[in-house]
Amino acid sequence: MIRTIAIIGAGTMGHGIAHTFSRHGYQVNLYEPFDAVREGVMEKIRAELQFMVDEDYIAPADLETGMENISLFSDLAEAAKEADYVIEACPEKMELKKDLFAKLDKICKPSAVFATNTSSLKLSEMIADLPPERQAHCMVSHWYNPAYLIPIAELSKFGNMPEEVFQEVYDLYVACEKQPVRVLKDIPGMVANRILHAQARECFYLAETGAALPEDIDKALKYGPCFRNATTGMLEVADMGGLDVWLAAEDNMFPALCNADKACDAMRELVAKGDLGIKTGKGFFEYPEEERAKAQDAFYKRLIIQLKASKNY
C-alpha cells in the first residue's frame, strides 16, 4: 500500500505534485538539492494552496493538511529510503535521470515504485541499467503544468509492470482527484503532448503566415475546438458529427495543413532574440513588467474555473 511518497526535485513541477498528494492525506518527502529552491519552496506551496482556498476549491483545513504532510529534505537517501512511491521531477536529461534511478535503486526498498515525470524521454532507455526486478516497478507518471490545477496524469502501461502494482498507482491518482490516462506504448510525447503539439504546430503556422492575428487565433481555439473538446473529446466529437463528414473534411483539408518536422521559424526567431513569453515580458504577446503578475494570476484563475467545471464533464 502506498503511504509515503518521495518527490525528487522541488522546482516547477515537483512542488505542485508534492502538495497535490499531501493535501489528500499522503506523507510526502520533498527532496531538493539546491539551497535557493529549497529555502523558498514551502512559502510557494503555501501561496498556491492559499490561492485554492481563496477560490473556494479547497477548505482552509486542506491547506493545513497539505503543509503538515510535507517534509523537506536536502539528503536524497533520507527522503527516499522509506518511500513506497518515488517520482523524479528533474531536468529533461537522460543521463541525469539514469544516474538518479541507479542511486535510488540502492536506497529504496525493493517494493518501491519509481516514476519519471517525463513525456519526451523513453522509459526503456532510462531504466535499462536497473535490475529486472526494479524495472518491473518503474513507470512514467507525466503531469501537466501547473500540476495542482491540471487534472491529467499520464501513466505508462507498457507491460513491464505487474497489473496489481499498476492498479495501485492508478487508484492513488484517482484518490487524489486526478484523471489518469493509460498510455500503452513508449512513444515520444506520450498522448496529451502529442495532441497538444500537433495543435500548436498549426496555431504557430497560422500566426507565422499571417492568416490571423495571434489574439484571434487564440480566440478561435478557446471558443471553438477547445470549448467543445473540453467536455467531449476529439473522438466523441467526430462520432457526434458523423465520421463521413469528418472523412470528407480531412481529405480536403489535410494537404493544406502545416506538416513541418521542426518548430516554426517565427518562434525560433523570438527565442533567439530572448523573447521567451511572460518571463521576459514579450513573446507572441507583450507583458509589461507592471502587468505580469496580474496576467499570471488571471491565467491561474481561468484554470481553476475550468478545474471546477471539469467535475461536471
# chains A, B, ... in the order shown; residues from 1 in each chain; ligands from 1
call {"tool": "residues_around", "arguments": {"residues": "Ile127 (chain A)", "least_positions_apart": "6", "cutoff": "10 Å", "atoms": "only C-alpha atoms", "output": "list in words"}}
result
Lys97, Lys98, Asp99, Phe101, Ala102, Phe114, Arg134, Gln135, Ala136, Cys138 and Met139 of chain A
call {"tool": "write_last_selection", "arguments": {"atoms": "N, CA and C atoms", "output": "short mmCIF file (atom, residue, chain, number, x, y, z; two decimals), in the first residue's frame"}}
result
data_model
loop_
_atom_site.label_atom_id
_atom_site.label_comp_id
_atom_site.auth_asym_id
_atom_site.auth_seq_id
_atom_site.Cartn_x
_atom_site.Cartn_y
_atom_site.Cartn_z
N LYS A 97 18.76 11.41 -15.28
CA LYS A 97 17.69 10.56 -14.78
C LYS A 97 18.17 9.12 -14.58
N LYS A 98 19.00 8.63 -15.50
CA LYS A 98 19.55 7.28 -15.34
C LYS A 98 20.40 7.19 -14.08
N ASP A 99 21.21 8.20 -13.86
CA ASP A 99 22.07 8.22 -12.68
C ASP A 99 21.23 8.29 -11.40
N PHE A 101 18.10 7.21 -10.97
CA PHE A 101 17.44 5.92 -10.73
C PHE A 101 18.42 4.89 -10.20
N ALA A 102 19.66 4.93 -10.67
CA ALA A 102 20.68 3.99 -10.16
C ALA A 102 20.91 4.23 -8.67
N PHE A 114 9.12 3.31 -8.89
CA PHE A 114 9.80 4.50 -9.39
C PHE A 114 9.00 5.08 -10.56
N ARG A 134 13.66 -4.41 -10.50
CA ARG A 134 13.34 -2.99 -10.32
C ARG A 134 12.65 -2.44 -11.57
N GLN A 135 13.07 -2.89 -12.74
CA GLN A 135 12.43 -2.41 -13.98
C GLN A 135 10.94 -2.71 -13.97
N ALA A 136 10.57 -3.80 -13.30
CA ALA A 136 9.16 -4.18 -13.22
C ALA A 136 8.37 -3.27 -12.28
N CYS A 138 8.90 0.25 -12.46
CA CYS A 138 9.21 1.57 -13.00
C CYS A 138 8.14 1.99 -14.00
N MET A 139 7.84 3.28 -14.04
CA MET A 139 6.79 3.77 -14.92
C MET A 139 7.00 5.25 -15.23
#
call {"tool": "select_by_dssp", "arguments": {"residues": "region 150-222 of chain A", "states": "strand (DSSP E)", "output": "PyMOL selection string"}}
result
chain A and resi 152-156+179-183
call {"tool": "residues_around", "arguments": {"residues": "Gly277 (chain A)", "least_positions_apart": "2", "cutoff": "12 Å", "atoms": "only C-alpha atoms", "output": "MDAnalysis selection string"}}
result
chainID A and resid 267 270:271 273:275 279:289 292 295:296
call {"tool": "write_last_selection", "arguments": {"atoms": "N, CA and C atoms", "output": "CSV table (one decimal), in the first residue's frame"}}
result
chain,number,residue,atom,x,y,z
A,267,MET,N,8.8,31.3,-34.0
A,267,MET,CA,9.1,31.0,-32.6
A,267,MET,C,10.6,30.9,-32.4
A,270,LEU,N,11.9,34.4,-32.1
A,270,LEU,CA,11.6,35.0,-30.8
A,270,LEU,C,12.6,34.5,-29.8
A,271,VAL,N,12.8,33.2,-29.7
A,271,VAL,CA,13.7,32.7,-28.7
A,271,VAL,C,15.1,33.2,-28.9
A,273,LYS,N,16.0,36.1,-30.0
A,273,LYS,CA,16.0,37.5,-29.5
A,273,LYS,C,15.9,37.6,-28.0
A,274,GLY,N,15.6,36.4,-27.4
A,274,GLY,CA,15.4,36.4,-25.9
A,274,GLY,C,14.0,36.8,-25.5
A,275,ASP,N,13.0,36.7,-26.5
A,275,ASP,CA,11.6,37.0,-26.2
A,275,ASP,C,11.0,35.6,-25.9
A,279,LYS,N,8.0,35.4,-19.0
A,279,LYS,CA,9.1,35.5,-18.1
A,279,LYS,C,10.1,36.6,-18.5
A,280,THR,N,10.1,37.0,-19.8
A,280,THR,CA,10.9,38.1,-20.3
A,280,THR,C,10.1,39.3,-20.7
A,281,GLY,N,8.8,39.2,-20.6
A,281,GLY,CA,8.0,40.4,-21.0
A,281,GLY,C,7.4,40.4,-22.4
A,282,LYS,N,7.9,39.5,-23.2
A,282,LYS,CA,7.4,39.5,-24.6
A,282,LYS,C,7.6,38.1,-25.2
A,283,GLY,N,6.6,37.7,-26.0
A,283,GLY,CA,6.6,36.5,-26.8
A,283,GLY,C,5.7,36.8,-28.0
A,284,PHE,N,4.7,36.0,-28.1
A,284,PHE,CA,3.7,36.3,-29.2
A,284,PHE,C,2.9,37.5,-28.7
A,285,PHE,N,2.8,37.7,-27.4
A,285,PHE,CA,2.1,38.9,-26.9
A,285,PHE,C,3.1,39.6,-26.0
A,286,GLU,N,2.8,40.8,-25.6
A,286,GLU,CA,3.6,41.6,-24.7
A,286,GLU,C,3.1,41.7,-23.3
A,287,TYR,N,4.0,41.6,-22.3
A,287,TYR,CA,3.6,41.6,-20.9
A,287,TYR,C,4.4,42.7,-20.2
A,288,PRO,N,4.0,43.9,-20.1
A,288,PRO,CA,4.7,45.0,-19.4
A,288,PRO,C,5.0,44.5,-18.0
A,289,GLU,N,6.1,44.9,-17.4
A,289,GLU,CA,6.5,44.4,-16.1
A,289,GLU,C,5.5,44.7,-15.0
A,292,ARG,N,2.7,41.9,-15.3
A,292,ARG,CA,3.0,40.5,-15.5
A,292,ARG,C,2.3,39.7,-14.4
A,295,ALA,N,-1.3,39.3,-15.1
A,295,ALA,CA,-1.6,38.4,-16.2
A,295,ALA,C,-1.5,36.9,-15.8
A,296,GLN,N,-0.4,36.7,-14.9
A,296,GLN,CA,-0.2,35.3,-14.5
A,296,GLN,C,-1.4,34.9,-13.5
call {"tool": "closest_residue", "arguments": {"among": "A:Glu39, A:Glu48, A:Asp186, A:Glu125", "to": "Leu155 (chain A)", "atoms": "only C-alpha atoms"}}
result
A:Asp186
call {"tool": "closest_residue", "arguments": {"among": "A:Thr4, A:Thr20, A:Ser120, A:Asn312", "to": "Pro146 (chain A)", "atoms": "only C-alpha atoms"}}
result
A:Thr20
call {"tool": "select_by_dssp", "arguments": {"residues": "region 172-256 of chain A", "states": "helix (DSSP H, G or I)", "output": "VMD selection string"}}
result
chain A and resid 172 to 175 192 to 208 214 to 223 225 to 232 234 to 241 243 to 256
call {"tool": "residues_around", "arguments": {"residues": "Asn193 (chain A)", "least_positions_apart": "2", "cutoff": "12 Å", "atoms": "only C-alpha atoms", "output": "ChimeraX atom specification"}}
result
/A:118-120,142-145,152-154,183,187-191,195-201
call {"tool": "residues_around", "arguments": {"residues": "region 54-67 of chain A", "least_positions_apart": "2", "cutoff": "6 Å", "atoms": "only C-alpha atoms", "output": "count of residues only"}}
result
8
call {"tool": "atom_distance", "arguments": {"atom1": "CA of Arg182 (chain A)", "atom2": "CA of Glu168 (chain A)"}}
result
13.2 Å
call {"tool": "atom_distance", "arguments": {"atom1": "CA of Ala147 (chain A)", "atom2": "CA of Leu221 (chain A)"}}
result
22.4 Å
call {"tool": "residues_around", "arguments": {"residues": "Ala115 (chain A)", "least_positions_apart": "5", "cutoff": "7 Å", "atoms": "only C-alpha atoms", "output": "list in words"}}
result
Val86, Ile87, Glu88, Cys138, Met139, Val140 and Ser141 of chain A
call {"tool": "residues_around", "arguments": {"residues": "Leu184 (chain A)", "least_positions_apart": "4", "cutoff": "9 Å", "atoms": "only C-alpha atoms", "output": "list in words"}}
result
Leu155, Ser156, Lys157, Phe158 and Gly159 of chain A
call {"tool": "write_last_selection", "arguments": {"atoms": "N, CA and C atoms", "output": "compact mmCIF listing (two decimals), in the first residue's frame"}}
result
# COMPACT_ATOMS: atom_id res chain seq x y z
N LEU A 155 -0.13 7.78 -17.20
CA LEU A 155 0.57 6.66 -16.56
C LEU A 155 0.92 5.62 -17.61
N SER A 156 2.21 5.27 -17.68
CA SER A 156 2.62 4.27 -18.67
C SER A 156 2.14 2.89 -18.26
N LYS A 157 1.66 2.17 -19.25
CA LYS A 157 1.23 0.78 -19.06
C LYS A 157 1.85 -0.03 -20.21
N PHE A 158 3.20 -0.13 -20.14
CA PHE A 158 3.96 -0.68 -21.25
C PHE A 158 4.18 -2.19 -21.15
N GLY A 159 3.60 -2.82 -20.12
CA GLY A 159 3.73 -4.26 -19.99
C GLY A 159 4.88 -4.72 -19.12
call {"tool": "closest_residue", "arguments": {"among": "A:Val53, A:Leu72, A:Leu100, A:Met1", "to": "Tyr31 (chain A)", "atoms": "only C-alpha atoms"}}
result
A:Leu72
call {"tool": "closest_residue", "arguments": {"among": "A:Tyr223, A:Ala47, A:Phe254, A:Tyr148", "to": "Ala18 (chain A)", "atoms": "only C-alpha atoms"}}
result
A:Tyr148
call {"tool": "closest_residue", "arguments": {"among": "A:Asp244, A:Asp265, A:Glu177, A:Glu163", "to": "Phe204 (chain A)", "atoms": "only C-alpha atoms"}}
result
A:Asp265
call {"tool": "closest_residue", "arguments": {"among": "A:Pro33, A:Asn259, A:Met126, A:Ile304", "to": "Glu95 (chain A)", "atoms": "only C-alpha atoms"}}
result
A:Met126
